[in-house]
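To keep things clear, I will list the structure first and then write my remarks on it.
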Amino acid sequence: MTPLGRLLVTSQFAFNLGFFAVLPHLGQHLSGSLGLGGWLVGLVLGLRTFSQQGLFVVGGVLTDRFGPRPPVLTGCALRVAGFLWLAAAESVWSVTGAVLLVGFAAALFSPAVESEIAREAVRHEAATGTPRTRLLARFSAGGQAGALLGPVLGLPLLHGGFGTACLAGAAVFALVLAGHWRLMPRAEPVPDRRRSAAPPSGRPTARRLLRDRRFLALALAYSSYLLAYNQLYLALPAELERATGSQAALGWLFALSSLLVVAGQLPLERWAARLSWGASVRTGLLLICGAFAAAGALRPAGGLWASLAFVVLLTLGQMLVVPATRAWLPDLAGERRLGLYTGALSSLSGLVVLAGGAPAGALVEAGGVWSWPVLAAVPLAGLALVPTGSGSARAATSPAPPASACPADRPGPAGRGR
């Protein structure tokens with residue numbers, strides 16, 4: 001792994017470690033310690049999601065304009081400030097302001113880190129022939145390791161109160177800020193010859209992005225994955241309650257999902273290296289569709305069988321869809337628009353999840369034997385939206401291009417799923 005790749009994977013681990021040490025306990029803090037009503041807790045949590053996911057495109061545009069270093073450093077500083085504010089907040093308005101700041105911080109640094117890891121993966125692929133998904137798989141596994149250990153770190157901290165957990169989260173992000181300040185390279189200026197040669201249409205504008213049908217199709221397919229994955233927090237608890245009478249196993253199933261990614265992401269990536277980006281995304285969506293179908297078929301068995309099948313197949317699908325989508329973006333976006341495309345992918349999929357969350361919730365609440373097959377239609381629809389590719393093997397089976405070449409500025413090599 002390259003030094004920059006190691007820094008980005010480590011920071012993704014630390015991001016999730018600090019985040020999940022605090023945020024899983026926010027709802028309980030709002031309803032318990034502060035005594036807020038359920039609708040108000042939901043509103044605050046929804047505002048946090050919107051300030052993060054909905055504004056990713058802002059962070060992506062800033063990354064394209066200034067390079068990844070300024071958004072990452074600013075985002076880390078704002079996350080530290082947000083957690084410190086949250087530790088001291090006692091009123092509804094104060095908590096809401098702190099939560100919005102925490103979310104907006106992620107809207108700055110996450111698109112910057114995600115676009116930079118994709119660039120580094122492409123550079124490493126060009127220099128060595130190693131498939132770019134190898135580094136992206138490590139990035140996903142690092143994030144899941146942080147998500148797995150974060151709640152473990154947060155539980156003993158809660159004995160000192162929610163504020164103590166917030167202070168620990170702020171300390172983690174202060175360390176991340178210091179590490180990036182020292183180790184993250186500054187963006188090199190674009191040579192004048194490239195500025196003069198770049199056509200006006202190369203500017204990272206929303207109009208150009210909205211005309212990119214291949215990107216929009218991929219974004220909608222990815223949105224179907226994200227809406228389906230969101231059922232871990234909606235349909236899975238409901239199924240556990242129906243089958244076992246409680247949600248006691250929920251934490252263990254979440255831990256199982258994270259462990260599958262940490263232990264299996266790289267081996268699965270090596271197997272998937274023979275597939276194009278499009279084939280990887282389609283296979284992942286097919287597994288996710290199978291997760292809902294299997295859960296529906298195993299409901300009569302009772303116990304945890306339906307939930308286990310759902311979690312395992314859904315996680316395997318995620319492990320194929322996410323790295324392949326991130327690997328595909330540089331070919332669709334080009335060097336100068338990668339931040340915009342990375343941010344827009346998250347923002348658009350977040351809007352789809354926001355729009356589809358209420359119907360999915362109503363379907364889960366209604367229950368019945370048809371809820372799981374109907375939910376299976378979501379990834380099935382995404383399967384039909386995945387753009388068609390141009391080959392069946394990835395870069396590891398074809399000669400490595402020059403390191404200076406931009407993937408979107410040359411003809412697509414066979415097998416990159418363009």
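In the structure tokens, the first chain shown is A, the next is B, and so on; residue numbers restart at 1 for each chain, and ligands run from 1 in the order shown.
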_Test item: residues at most 12 Å from range 257-267 of chain A, only C-alpha atoms, excluding those fewer than 3 positions along its chain, as number ranges by chain_ = A: 13, 16, 131-151, 229, 232, 250-254, 270-273, 307-324
Pro111 in chain A: which residues within 8 Å, counting only C-alpha atoms, same-chain residues fewer than 4 positions away excluded, as number ranges by chain? A: 56-57, 59-60, 63, 107, 115, 339, 342-343
Long-range neighbours of Ala333 in chain A as number ranges by chain, 9 Å cut-off, only C-alpha atoms, 4 positions minimum in chain
A: 209, 215, 328-329, 337-342, 407-408
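Among the candidates A:Ala248, A:Leu177, A:Val99, A:Met184, the residue lying nearest to Val22 in chain A is A:Val99 (atoms considered: only C-alpha atoms).
Using only C-alpha atoms, the smallest distance between any of A:Leu23, A:Leu375, A:Val92, A:Leu220 and Cys289 in chain A comes from A:Leu375.
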Residues near Leu108 in chain A, anyone? I mean within 12 Å using only C-alpha atoms, not counting same-chain ones fewer than 6 positions away, as a PyMOL selection string.
chain A and resi 51-64+66-79+101-102+114-115+339-340+342-343
